[in-house]
$ cat input-v9.txt   # compact mmCIF, C-alpha atoms
# COMPACT_ATOMS: atom_id res chain seq x y z
CA MET A 15 -32.39 -43.78 71.93
CA LEU A 16 -33.58 -46.22 69.26
CA THR A 17 -32.67 -49.71 70.41
CA ARG A 18 -31.44 -52.62 68.30
CA ARG A 19 -34.04 -55.33 67.98
CA ILE A 20 -33.73 -59.01 68.85
CA ILE A 21 -36.24 -61.11 66.92
CA PRO A 22 -36.93 -64.81 67.47
CA CYS A 23 -38.16 -66.65 64.39
CA LEU A 24 -40.77 -69.40 64.67
CA ASP A 25 -41.36 -71.95 61.92
CA VAL A 26 -45.01 -72.75 61.45
CA MET A 27 -46.57 -75.71 59.68
CA ASP A 28 -50.32 -76.26 59.42
CA GLY A 29 -50.80 -73.65 62.13
CA GLN A 30 -48.43 -75.27 64.62
CA VAL A 31 -44.89 -74.24 65.55
CA VAL A 32 -42.41 -76.89 64.47
CA LYS A 33 -38.73 -77.42 65.00
CA GLY A 34 -36.56 -79.31 62.60
CA VAL A 35 -33.93 -79.09 59.94
CA ASN A 36 -34.74 -78.86 56.24
CA PHE A 37 -38.27 -80.17 56.53
CA VAL A 38 -37.08 -83.46 58.06
CA ASN A 39 -37.66 -84.70 61.57
CA LEU A 40 -40.11 -81.91 62.26
CA VAL A 41 -41.16 -81.89 65.87
CA ARG A 42 -44.30 -80.16 67.05
CA GLU A 43 -43.01 -77.48 69.36
CA GLY A 44 -46.40 -76.54 70.62
CA ASP A 45 -48.99 -73.86 70.46
CA PRO A 46 -47.85 -70.76 68.55
CA VAL A 47 -49.77 -68.40 70.81
CA GLU A 48 -48.23 -69.86 73.93
CA LEU A 49 -44.70 -69.74 72.47
CA ALA A 50 -45.19 -66.24 71.11
CA ALA A 51 -46.44 -65.01 74.47
CA ARG A 52 -43.48 -66.63 76.20
CA TYR A 53 -41.00 -64.88 73.89
CA SER A 54 -42.83 -61.60 74.26
CA ASP A 55 -42.72 -61.87 78.07
CA ALA A 56 -39.04 -62.78 77.86
CA GLY A 57 -38.25 -59.48 76.12
CA ALA A 58 -38.39 -60.27 72.38
CA ASP A 59 -38.77 -57.01 70.46
CA GLU A 60 -40.70 -58.56 67.59
CA LEU A 61 -41.58 -62.01 66.29
CA VAL A 62 -41.36 -63.51 62.85
CA PHE A 63 -43.50 -66.51 61.93
CA LEU A 64 -42.31 -68.34 58.88
CA ASP A 65 -45.05 -70.46 57.34
CA ILE A 66 -43.37 -73.54 55.91
CA THR A 67 -46.63 -75.30 55.15
CA ALA A 68 -46.00 -77.40 52.08
CA SER A 69 -49.48 -77.44 50.59
CA VAL A 70 -51.70 -74.58 49.54
CA GLU A 71 -54.73 -76.28 51.10
CA SER A 72 -53.45 -75.79 54.61
CA ARG A 73 -52.61 -72.10 54.14
CA PRO A 74 -55.85 -70.88 55.77
CA HIS A 75 -54.37 -72.13 59.06
CA VAL A 76 -51.95 -69.24 58.98
CA VAL A 77 -54.71 -66.62 59.00
CA GLU A 78 -56.30 -68.32 61.96
CA LEU A 79 -52.92 -68.39 63.70
CA VAL A 80 -52.40 -64.68 63.06
CA SER A 81 -55.71 -63.75 64.58
CA ARG A 82 -55.06 -65.91 67.66
CA VAL A 83 -51.57 -64.44 68.19
CA ALA A 84 -52.91 -60.91 67.75
CA LYS A 85 -55.36 -61.37 70.60
CA GLU A 86 -52.70 -62.36 73.12
CA VAL A 87 -49.37 -60.86 72.06
CA PHE A 88 -48.75 -57.13 72.10
CA ILE A 89 -45.48 -56.72 70.26
CA PRO A 90 -45.18 -56.42 66.47
CA PHE A 91 -45.09 -59.60 64.45
CA THR A 92 -44.37 -60.50 60.85
CA ILE A 93 -45.69 -63.37 58.75
CA GLY A 94 -43.57 -64.82 55.97
CA GLY A 95 -43.86 -67.76 53.61
CA GLY A 96 -46.13 -68.16 50.60
CA VAL A 97 -47.20 -64.51 50.34
CA LYS A 98 -47.94 -64.09 46.63
CA THR A 99 -50.61 -61.46 46.08
CA VAL A 100 -51.93 -58.18 47.46
CA ASP A 101 -54.92 -60.21 48.68
CA ASP A 102 -52.59 -62.47 50.67
CA ILE A 103 -51.05 -59.38 52.28
CA ASP A 104 -54.49 -57.95 52.97
CA ARG A 105 -55.74 -61.16 54.62
CA ILE A 106 -52.68 -61.46 56.86
CA LEU A 107 -52.63 -57.81 57.95
CA ARG A 108 -56.39 -57.80 58.47
CA ALA A 109 -56.09 -60.83 60.73
CA GLY A 110 -53.75 -58.80 62.95
CA ALA A 111 -50.16 -59.16 61.73
CA ASP A 112 -48.10 -55.97 61.53
CA LYS A 113 -45.93 -56.89 58.57
CA VAL A 114 -45.55 -59.50 55.87
CA SER A 115 -42.25 -60.69 54.51
CA ILE A 116 -42.08 -61.41 50.81
CA ASN A 117 -39.33 -63.39 49.13
CA THR A 118 -39.95 -65.50 46.01
CA ALA A 119 -43.03 -63.55 44.93
CA ALA A 120 -41.09 -60.27 45.01
CA LEU A 121 -38.51 -61.76 42.65
CA ALA A 122 -41.16 -63.08 40.27
CA GLN A 123 -43.27 -59.91 40.34
CA PRO A 124 -41.40 -56.97 41.89
CA GLU A 125 -44.49 -54.78 41.44
CA LEU A 126 -46.00 -56.66 44.39
CA LEU A 127 -43.70 -54.60 46.64
CA THR A 128 -44.98 -51.38 45.10
CA GLU A 129 -48.64 -52.37 45.23
CA GLY A 130 -48.28 -53.61 48.80
CA ALA A 131 -46.49 -50.46 49.95
CA LYS A 132 -48.98 -48.20 48.20
CA ARG A 133 -51.96 -49.91 49.73
CA PHE A 134 -50.70 -50.77 53.22
CA GLY A 135 -47.61 -48.57 53.71
CA ALA A 136 -43.95 -49.44 53.22
CA GLN A 137 -43.59 -50.14 56.95
CA CYS A 138 -45.46 -53.42 56.65
CA ILE A 139 -43.66 -54.73 53.56
CA VAL A 140 -40.51 -56.63 54.47
CA LEU A 141 -38.33 -57.94 51.65
CA ALA A 142 -36.83 -61.29 52.65
CA MET A 143 -33.76 -62.26 50.65
CA ASP A 144 -31.68 -65.43 50.75
CA VAL A 145 -28.18 -64.87 49.40
CA LYS A 146 -25.19 -67.05 48.66
CA ARG A 147 -21.65 -65.97 47.92
CA ASP A 148 -19.71 -66.96 44.79
CA GLY A 149 -16.33 -65.27 44.68
CA ASP A 150 -16.96 -61.55 45.09
CA THR A 151 -20.62 -61.78 44.19
CA TRP A 152 -23.60 -62.59 46.38
CA TRP A 153 -26.46 -64.13 44.36
CA VAL A 154 -30.10 -64.09 45.35
CA TYR A 155 -31.88 -67.44 45.67
CA SER A 156 -35.62 -68.05 45.55
CA HIS A 157 -37.99 -70.84 46.59
CA GLY A 158 -36.54 -71.19 50.07
CA GLY A 159 -32.98 -71.18 48.76
CA ARG A 160 -33.55 -73.94 46.21
CA LYS A 161 -33.30 -71.86 43.03
CA LYS A 162 -30.52 -69.53 42.00
CA THR A 163 -31.77 -66.35 40.34
CA ALA A 164 -30.02 -63.98 37.95
CA ARG A 165 -30.12 -61.22 40.56
CA LYS A 166 -27.19 -59.96 42.60
CA ALA A 167 -27.87 -59.20 46.26
CA LEU A 168 -26.84 -55.55 46.50
CA PRO A 169 -28.68 -54.18 43.43
CA TRP A 170 -31.75 -56.25 44.33
CA ALA A 171 -31.83 -54.79 47.85
CA VAL A 172 -31.57 -51.26 46.48
CA GLU A 173 -34.21 -51.91 43.82
CA ALA A 174 -36.60 -53.53 46.30
CA VAL A 175 -36.39 -50.53 48.61
CA ASN A 176 -37.01 -48.18 45.69
CA LEU A 177 -40.04 -50.29 44.79
CA GLY A 178 -41.50 -50.04 48.27
CA ALA A 179 -39.90 -52.46 50.75
CA GLY A 180 -39.75 -50.85 54.20
CA GLU A 181 -37.34 -53.33 55.75
CA ILE A 182 -34.95 -56.01 54.56
CA LEU A 183 -34.60 -59.42 56.18
CA LEU A 184 -31.27 -60.69 54.92
CA THR A 185 -30.27 -64.34 55.28
CA SER A 186 -26.90 -65.63 54.23
CA MET A 187 -27.31 -69.22 53.06
CA ASP A 188 -23.58 -69.82 53.51
CA ALA A 189 -23.79 -68.85 57.17
CA ASP A 190 -27.23 -70.33 57.91
CA GLY A 191 -26.97 -73.38 60.13
CA THR A 192 -23.22 -72.99 60.73
CA GLN A 193 -23.56 -71.21 64.07
CA ALA A 194 -20.36 -69.38 63.00
CA GLY A 195 -21.87 -65.89 62.82
CA VAL A 196 -23.73 -63.93 60.15
CA ASP A 197 -22.07 -62.93 56.87
CA LEU A 198 -20.83 -59.55 58.04
CA GLU A 199 -19.63 -58.39 54.64
CA ILE A 200 -22.90 -58.59 52.74
CA THR A 201 -24.85 -57.43 55.80
CA ARG A 202 -22.69 -54.29 55.99
CA LYS A 203 -22.82 -53.70 52.23
CA ILE A 204 -26.61 -53.83 52.14
CA SER A 205 -27.10 -52.00 55.41
CA THR A 206 -25.03 -49.04 54.24
CA ALA A 207 -26.55 -49.02 50.73
CA VAL A 208 -30.24 -48.75 51.74
CA ASN A 209 -32.09 -46.27 53.94
CA VAL A 210 -34.45 -48.80 55.54
CA PRO A 211 -33.69 -51.09 58.48
CA VAL A 212 -31.82 -54.34 57.80
CA ILE A 213 -32.46 -57.45 59.87
CA ALA A 214 -29.47 -59.81 59.85
CA SER A 215 -30.14 -63.54 59.92
CA GLY A 216 -28.40 -66.87 59.48
CA GLY A 217 -25.46 -68.21 61.42
CA ILE A 218 -26.04 -66.99 64.97
CA GLY A 219 -24.43 -69.42 67.43
CA LYS A 220 -22.67 -67.31 70.05
CA LEU A 221 -23.43 -64.11 71.92
CA VAL A 222 -20.62 -62.29 70.13
CA HIS A 223 -22.37 -62.97 66.81
CA PHE A 224 -25.24 -60.66 67.81
CA LYS A 225 -22.75 -57.89 68.61
CA ASP A 226 -20.81 -58.43 65.37
CA ALA A 227 -23.96 -58.35 63.24
CA LEU A 228 -25.03 -55.06 64.85
CA LEU A 229 -21.65 -53.31 65.00
CA GLU A 230 -19.59 -54.69 62.12
CA GLY A 231 -22.58 -55.68 60.00
CA LYS A 232 -24.34 -52.40 60.87
CA ALA A 233 -27.66 -54.27 61.08
CA ASP A 234 -30.62 -52.67 62.84
CA ALA A 235 -31.91 -55.97 64.19
CA VAL A 236 -30.91 -59.62 64.47
CA LEU A 237 -33.19 -62.56 63.81
CA ALA A 238 -32.36 -65.98 65.24
CA ALA A 239 -34.17 -69.26 65.58
CA SER A 240 -32.26 -72.24 66.88
CA VAL A 241 -30.30 -70.53 69.67
CA PHE A 242 -33.59 -69.45 71.21
CA HIS A 243 -35.55 -72.65 70.56
CA ARG A 244 -32.73 -74.81 71.90
CA LYS A 245 -32.45 -72.43 74.84
CA THR A 246 -28.74 -71.87 74.15
CA PHE A 247 -29.47 -68.36 75.39
CA THR A 248 -32.47 -66.56 76.71
CA ILE A 249 -33.44 -63.22 75.18
CA ALA A 250 -32.45 -61.63 78.50
CA GLN A 251 -28.94 -63.07 78.27
CA VAL A 252 -28.51 -61.69 74.76
CA LYS A 253 -29.80 -58.27 75.73
CA THR A 254 -27.80 -58.05 78.94
CA TYR A 255 -24.68 -58.98 76.99
CA LEU A 256 -25.36 -56.37 74.29
CA HIS A 257 -26.10 -53.75 76.94
CA GLU A 258 -22.75 -54.50 78.59
CA GLN A 259 -21.11 -54.05 75.19
CA GLY A 260 -22.58 -50.56 75.00
CA ILE A 261 -25.25 -51.43 72.39
CA PRO A 262 -28.68 -49.90 73.07
CA VAL A 263 -31.31 -52.57 73.70
CA ARG A 264 -34.73 -52.55 75.33
CA LEU A 265 -34.05 -53.96 78.79
CA THR A 266 -37.26 -52.86 80.54
CA GLY A 267 -39.58 -55.76 81.02
CA VAL A 268 -36.91 -58.37 80.35
CA LYS A 269 -37.16 -61.22 82.79
CA ALA A 270 -33.73 -62.39 83.89
CA MET B 237 -67.16 -47.84 76.41
CA ILE B 238 -64.32 -46.60 74.23
CA GLY B 239 -65.10 -45.92 70.60
CA ILE B 240 -62.42 -46.76 68.04
CA ILE B 241 -62.90 -44.72 64.91
CA ASP B 242 -63.09 -47.07 61.96
CA TYR B 243 -62.39 -44.99 58.87
CA GLY B 244 -60.44 -47.55 56.86
CA MET B 245 -56.91 -46.47 57.75
CA GLY B 246 -54.79 -49.20 59.25
CA ASN B 247 -54.77 -52.09 61.61
CA ILE B 248 -57.47 -51.15 64.09
CA GLY B 249 -57.94 -54.79 65.11
CA SER B 250 -54.75 -54.68 67.16
CA LEU B 251 -56.02 -51.77 69.21
CA ARG B 252 -59.33 -53.51 69.81
CA ASN B 253 -57.48 -56.69 70.81
CA ALA B 254 -55.39 -54.76 73.32
CA LEU B 255 -58.46 -53.14 74.91
CA THR B 256 -60.27 -56.49 75.04
CA PHE B 257 -57.19 -58.09 76.63
CA LEU B 258 -57.30 -55.35 79.29
CA GLY B 259 -61.01 -55.99 79.90
CA ILE B 260 -62.02 -52.60 78.47
CA ASP B 261 -65.25 -52.44 76.45
CA SER B 262 -64.84 -50.95 73.01
CA LEU B 263 -66.66 -50.63 69.72
CA LEU B 264 -65.46 -50.06 66.18
CA SER B 265 -67.54 -47.57 64.30
CA ARG B 266 -67.70 -44.63 61.93
CA ASP B 267 -71.29 -43.82 62.84
CA PRO B 268 -71.62 -40.70 65.04
CA ARG B 269 -74.79 -42.09 66.64
CA GLU B 270 -72.89 -45.16 67.87
CA LEU B 271 -69.79 -43.20 68.79
CA SER B 272 -71.87 -40.79 70.86
CA ARG B 273 -72.65 -43.64 73.28
CA CYS B 274 -68.94 -43.78 74.20
CA GLN B 275 -67.16 -41.98 77.04
CA ALA B 276 -63.95 -41.61 75.03
CA LEU B 277 -62.80 -41.99 71.43
CA ILE B 278 -59.57 -43.28 69.96
CA LEU B 279 -58.49 -42.18 66.49
CA PRO B 280 -56.02 -44.77 65.19
CA GLY B 281 -54.33 -44.68 61.82
CA VAL B 282 -51.53 -46.02 59.68
CA GLY B 283 -50.62 -44.58 56.30
CA ALA B 284 -50.34 -41.15 54.75
CA PHE B 285 -51.86 -37.93 56.11
CA PRO B 286 -53.69 -36.59 53.01
CA PRO B 287 -55.90 -39.65 52.25
CA ALA B 288 -56.67 -40.09 55.96
CA MET B 289 -57.78 -36.46 56.32
CA GLU B 290 -59.73 -36.75 53.09
CA ARG B 291 -61.66 -39.71 54.51
CA LEU B 292 -62.36 -37.91 57.78
CA ASN B 293 -63.68 -34.90 55.87
CA ARG B 294 -65.72 -36.93 53.39
CA THR B 295 -67.40 -39.07 56.06
CA GLY B 296 -68.21 -36.10 58.27
CA LEU B 297 -66.04 -37.58 61.01
CA ALA B 298 -63.73 -34.53 60.96
CA ALA B 299 -66.63 -32.24 61.91
CA TYR B 300 -67.84 -34.78 64.46
CA LEU B 301 -64.41 -35.03 66.12
CA ARG B 302 -64.09 -31.23 66.30
CA GLU B 303 -67.50 -31.08 67.95
CA TRP B 304 -66.52 -33.90 70.33
CA ALA B 305 -63.29 -32.17 71.36
CA GLY B 306 -65.17 -28.84 71.57
CA LYS B 307 -67.28 -30.40 74.33
CA ASP B 308 -64.02 -31.29 76.11
CA LEU B 309 -64.68 -35.04 75.79
CA PRO B 310 -61.65 -37.39 75.85
CA LEU B 311 -60.00 -38.16 72.52
CA MET B 312 -56.77 -40.04 71.92
CA GLY B 313 -54.99 -40.10 68.56
CA ILE B 314 -52.47 -42.86 67.90
CA CYS B 315 -49.63 -42.69 65.34
CA LEU B 316 -51.18 -41.11 62.22
CA GLY B 317 -54.22 -40.45 64.41
CA MET B 318 -52.03 -38.22 66.59
CA GLN B 319 -50.73 -36.33 63.58
CA LEU B 320 -54.30 -35.71 62.34
CA LEU B 321 -54.98 -33.79 65.58
CA MET B 322 -52.54 -31.06 64.50
CA SER B 323 -53.17 -27.93 62.38
CA ASP B 324 -51.48 -29.26 59.25
CA SER B 325 -48.97 -31.72 57.77
CA GLU B 326 -46.28 -31.34 55.13
CA GLU B 327 -46.55 -35.02 54.08
CA ASN B 328 -47.02 -35.06 50.27
CA GLY B 329 -47.89 -31.35 50.17
CA LEU B 330 -49.42 -29.17 52.87
CA THR B 331 -52.76 -30.57 54.11
CA PRO B 332 -54.91 -29.04 56.87
CA GLY B 333 -55.58 -31.33 59.87
CA LEU B 334 -58.25 -31.38 62.59
CA ASP B 335 -56.48 -28.46 64.29
CA LEU B 336 -57.35 -29.63 67.80
CA ILE B 337 -53.76 -28.98 68.90
CA ALA B 338 -51.94 -26.05 67.33
CA GLY B 339 -48.87 -27.20 65.46
CA HIS B 340 -47.43 -28.87 62.40
CA VAL B 341 -46.49 -32.34 61.22
CA VAL B 342 -43.04 -32.36 59.62
CA ARG B 343 -40.59 -34.94 58.32
CA LEU B 344 -38.25 -36.33 61.01
CA GLU B 345 -35.06 -34.30 60.82
CA ASN B 346 -31.64 -35.96 60.56
CA ALA B 347 -33.22 -39.41 60.79
CA PRO B 348 -30.65 -42.19 60.15
CA ARG B 349 -33.23 -44.24 58.25
CA SER B 350 -36.21 -43.08 56.15
CA ILE B 351 -38.66 -44.70 58.59
CA HIS B 352 -38.20 -44.66 62.37
CA ILE B 353 -38.95 -48.31 63.15
CA GLY B 354 -38.41 -49.97 66.49
CA TRP B 355 -38.37 -49.48 70.25
CA ASN B 356 -37.31 -46.06 71.48
CA THR B 357 -37.36 -44.25 74.80
CA VAL B 358 -40.39 -42.14 75.69
CA ASN B 359 -39.36 -39.40 78.14
CA PRO B 360 -42.22 -37.61 79.95
CA ARG B 361 -41.58 -33.86 80.17
CA TYR B 362 -43.57 -33.34 83.35
CA ALA B 363 -45.31 -35.39 86.04
CA ASN B 364 -48.54 -36.79 84.61
CA ASP B 365 -50.94 -39.67 85.13
CA LEU B 366 -50.83 -41.15 81.64
CA ILE B 367 -47.07 -41.69 81.24
CA PRO B 368 -45.72 -41.46 84.78
CA ALA B 369 -42.24 -42.78 83.98
CA LYS B 370 -40.02 -43.19 80.96
CA GLY B 371 -40.02 -46.46 79.07
CA TYR B 372 -39.64 -48.08 75.68
CA ALA B 373 -42.39 -47.94 73.09
CA TYR B 374 -42.70 -49.23 69.53
CA PHE B 375 -42.58 -46.59 66.79
CA VAL B 376 -43.25 -46.75 63.04
CA HIS B 377 -43.31 -43.34 61.33
CA SER B 378 -41.46 -40.89 59.11
CA TYR B 379 -43.21 -37.67 60.15
CA ALA B 380 -43.63 -36.17 63.61
CA CYS B 381 -45.68 -33.50 65.40
CA GLN B 382 -44.32 -30.07 66.27
CA PRO B 383 -46.81 -28.39 68.63
CA GLU B 384 -46.64 -24.61 68.64
CA GLU B 385 -46.80 -24.49 72.41
CA ALA B 386 -44.14 -26.39 74.34
CA LYS B 387 -46.64 -27.10 77.13
CA ALA B 388 -48.59 -29.36 74.75
CA ILE B 389 -45.59 -31.73 74.62
CA LEU B 390 -46.27 -34.53 77.10
CA ALA B 391 -43.27 -36.69 76.19
CA GLU B 392 -40.27 -36.59 73.91
CA THR B 393 -38.19 -39.11 71.99
CA THR B 394 -35.00 -38.75 69.98
CA TYR B 395 -34.36 -40.22 66.56
CA GLY B 396 -31.85 -38.10 64.68
CA SER B 397 -33.48 -35.16 66.41
CA ARG B 398 -35.88 -34.74 69.33
CA PHE B 399 -39.60 -34.88 68.59
CA ALA B 400 -42.91 -34.90 70.48
CA SER B 401 -43.79 -38.56 71.08
CA ALA B 402 -46.86 -37.66 73.14
CA VAL B 403 -48.95 -34.47 73.20
CA GLN B 404 -51.82 -33.30 75.35
CA SER B 405 -54.07 -30.28 75.32
CA GLY B 406 -57.02 -30.53 77.67
CA ASN B 407 -58.77 -33.82 76.96
CA VAL B 408 -57.08 -34.31 73.58
CA ILE B 409 -54.11 -36.68 73.72
CA GLY B 410 -51.81 -37.89 70.98
CA LEU B 411 -49.31 -40.77 71.01
CA GLN B 412 -46.83 -41.17 68.17
CA PHE B 413 -45.95 -44.74 69.23
CA HIS B 414 -48.24 -47.75 69.19
CA PRO B 415 -49.33 -48.49 72.78
CA GLU B 416 -51.12 -51.61 71.50
CA LYS B 417 -47.75 -52.95 70.27
CA SER B 418 -45.58 -51.73 73.14
CA GLN B 419 -46.12 -54.64 75.49
CA LYS B 420 -46.53 -53.77 79.18
CA PHE B 421 -45.44 -50.13 78.79
CA GLY B 422 -48.07 -49.51 76.14
CA LEU B 423 -50.86 -51.59 77.69
CA ASP B 424 -50.38 -49.69 80.96
CA ILE B 425 -50.89 -46.40 79.10
CA LEU B 426 -54.13 -47.68 77.54
CA ARG B 427 -55.34 -48.90 80.94
CA ARG B 428 -54.57 -45.55 82.59
CA PHE B 429 -56.35 -43.72 79.79
CA ALA B 430 -59.41 -45.94 80.25
CA ASP B 431 -59.27 -45.61 84.06
CA GLY B 432 -59.26 -41.85 83.67
CA VAL B 433 -62.23 -41.64 81.33
CA LEU B 434 -64.57 -44.54 82.09
$ encode --input "input-v9.txt" --output "structure tokens"
Amino acid sequence: MLTRRIIPCLDVMDGQVVKGVNFVNLVREGDPVELAARYSDAGADELVFLDITASVESRPHVVELVSRVAKEVFIPFTIGGGVKTVDDIDRILRAGADKVSINTAALAQPELLTEGAKRFGAQCIVLAMDVKRDGDTWWVYSHGGRKKTARKALPWAVEAVNLGAGEILLTSMDADGTQAGVDLEITRKISTAVNVPVIASGGIGKLVHFKDALLEGKADAVLAASVFHRKTFTIAQVKTYLHEQGIPVRLTGVKA
Amino acid sequence: MIGIIDYGMGNIGSLRNALTFLGIDSLLSRDPRELSRCQALILPGVGAFPPAMERLNRTGLAAYLREWAGKDLPLMGICLGMQLLMSDSEENGLTPGLDLIAGHVVRLENAPRSIHIGWNTVNPRYANDLIPAKGYAYFVHSYACQPEEAKAILAETTYGSRFASAVQSGNVIGLQFHPEKSQKFGLDILRRFADGVL
């Protein structure tokens, strides 16, 4: 049976994994390869590296990071952050990543999704979308959540999939950082409206939040950062819990 | 030495990385002279069936692979590479394949999502050395192989409906999942394949 995926997210700056809130008090967490291998051994189903490098000059570090991770870690991994052109996608995939996630650039030039999918296959094009609720409408934000766009979440998700996105990484900005659970309503709306997998993100703080995102939110996967980095739970704890709740997860190889 | 067929379809670096990690010598090539130095070949592949087959035909690799398999030398197809081993595929119109294993490539039936992405159970159908026990492997595909003979089905997986996740006919093997992305379960399969052929 197809299992639901648990995906740790690692923030990367200048080729190093960092931990911090809103670009302040960033702490070097250590070597990305070492951390990625540790998560992989612990039973992570995939990894997402989010490149939060502020300057364009230090972007080449990310390609180097990808090729180092690819030599040591044998689960799929996605690179997000600053992907703007088909050449960017090409460089990242060529270095050994399995997927790229595209956010702001997809909003500015939606044809990037189509070109990327045509050239590399829809399976490696992940649309990342940051959404924020206002009344009954969820609006899409760009530039790392700093700019409100004129797009509504649900039609954008549907359009992006039609254009070529093979997966959607959905982050609720209202829920992000609250540790109060993901926004189940928009997760469910998008998950039932598109025919590609939806990864729910933002707001995970308790074990029950994983279950809610998967069952009530109907997500195919859950992405979380702080609960794993702070060691609130291990991947094994999350998976054992989900297994006990009757949700299919990949338990083989999980170290308790 | 294992030869990885480099015909411009997909992320072959990951496969090479996995073999290197396992201490298995490999080379990337599309040159029959180089490939002929190898004890086994792996045909990887990501993307659509028609352009992949077109490249294999245009480069002469299709004829070379048929000759290779005709000599009963070991060949493993992975993902799209597995599908190319079959007689034909219905992806974007009917396209003839390498026809090393009799059967068809068809769209996954009753699939909940348009692409089967993620970790799913691989169930061996009989006792074998390559996949001795069931386990989870990473899949990314929308089409699947339907061998004409049930005995060619080495392992099965269910997504909406049951499909052949591994096939074998003589020394020709196909894996629908990505062993190079399936952590220990997948790396063990690559190691056993190499142990059997090197």
$ atom_distance --input "input-v9.txt" --atom1 "CA of Trp304 (chain B)" --atom2 "CA of Asn364 (chain B)"
23.1 Å
$ atom_distance --input "input-v9.txt" --atom1 "CA of Met312 (chain B)" --atom2 "CA of Ile278 (chain B)"
4.7 Å
$ residues_around --input "input-v9.txt" --residues "Lys132 (chain A)" --least-positions-apart "6" --cutoff "12 Å" --atoms "all atoms listed in the file" --output "mmCIF file with C-alpha atoms, in the frame of the given file"
data_model
loop_
_atom_site.group_PDB
_atom_site.id
_atom_site.type_symbol
_atom_site.label_atom_id
_atom_site.label_comp_id
_atom_site.auth_asym_id
_atom_site.auth_seq_id
_atom_site.Cartn_x
_atom_site.Cartn_y
_atom_site.Cartn_z
ATOM 1 C CA VAL A 100 -51.930 -58.180 47.460
ATOM 2 C CA GLU A 125 -44.490 -54.780 41.440
ATOM 3 C CA LEU A 126 -46.000 -56.660 44.390
ATOM 4 C CA CYS A 138 -45.460 -53.420 56.650
ATOM 5 C CA ILE A 139 -43.660 -54.730 53.560
ATOM 6 C CA LEU A 177 -40.040 -50.290 44.790
ATOM 7 C CA GLY A 178 -41.500 -50.040 48.270
ATOM 8 C CA ALA A 179 -39.900 -52.460 50.750
ATOM 9 C CA GLY A 180 -39.750 -50.850 54.200
ATOM 10 C CA VAL B 282 -51.530 -46.020 59.680
ATOM 11 C CA GLY B 283 -50.620 -44.580 56.300
ATOM 12 C CA ALA B 284 -50.340 -41.150 54.750
ATOM 13 C CA PRO B 287 -55.900 -39.650 52.250
#
$ atom_distance --input "input-v9.txt" --atom1 "CA of Glu327 (chain B)" --atom2 "CA of Phe285 (chain B)"
6.4 Å
$ residues_around --input "input-v9.txt" --residues "Pro383 (chain B)" --least-positions-apart "4" --cutoff "12 Å" --atoms "only C-alpha atoms" --output "PyMOL selection string"
chain B and resi 318-319+321-325+335-342+387-392+399-405+410
$ residues_around --input "input-v9.txt" --residues "Lys146 (chain A)" --least-positions-apart "5" --cutoff "10 Å" --atoms "only C-alpha atoms" --output "PyMOL selection string"
chain A and resi 151-155+159+162+166-167+185-189+197+200
$ closest_residue --input "input-v9.txt" --among "B:Tyr362, B:Tyr379, B:Phe429, B:Phe413" --to "Gln275 (chain B)" --atoms "only C-alpha atoms"
B:Phe429
$ residues_around --input "input-v9.txt" --residues "Leu24 (chain A)" --least-positions-apart "4" --cutoff "8 Å" --atoms "only C-alpha atoms" --output "PDB file with C-alpha atoms, keeping the file's coordinate frame"
ATOM      1  CA  VAL A  31     -44.890 -74.240  65.550  1.00  0.00           C
ATOM      2  CA  VAL A  32     -42.410 -76.890  64.470  1.00  0.00           C
ATOM      3  CA  LEU A  61     -41.580 -62.010  66.290  1.00  0.00           C
ATOM      4  CA  VAL A  62     -41.360 -63.510  62.850  1.00  0.00           C
ATOM      5  CA  PHE A  63     -43.500 -66.510  61.930  1.00  0.00           C
ATOM      6  CA  LEU A  64     -42.310 -68.340  58.880  1.00  0.00           C
ATOM      7  CA  ALA A 239     -34.170 -69.260  65.580  1.00  0.00           C
TER       8      ALA A 239
END
$ residues_around --input "input-v9.txt" --residues "Asn407 (chain B)" --least-positions-apart "6" --cutoff "9 Å" --atoms "all atoms listed in the file" --output "PyMOL selection string"
chain B and resi 305+308-312
$ closest_residue --input "input-v9.txt" --among "A:Ala122, A:Gln259, A:Thr192, A:Asp25" --to "Ala164 (chain A)" --atoms "only C-alpha atoms"
A:Ala122
$ closest_residue --input "input-v9.txt" --among "A:Val212, A:Cys23, A:Gly195, A:Ala120" --to "Trp170 (chain A)" --atoms "only C-alpha atoms"
A:Ala120
$ closest_residue --input "input-v9.txt" --among "B:Arg361, B:Arg273, B:Arg343, B:Lys307" --to "Cys381 (chain B)" --atoms "only C-alpha atoms"
B:Arg343
$ closest_residue --input "input-v9.txt" --among "A:Leu121, A:Glu129, A:Gly231, A:Ser240" --to "Ile103 (chain A)" --atoms "all atoms listed in the file"
A:Glu129
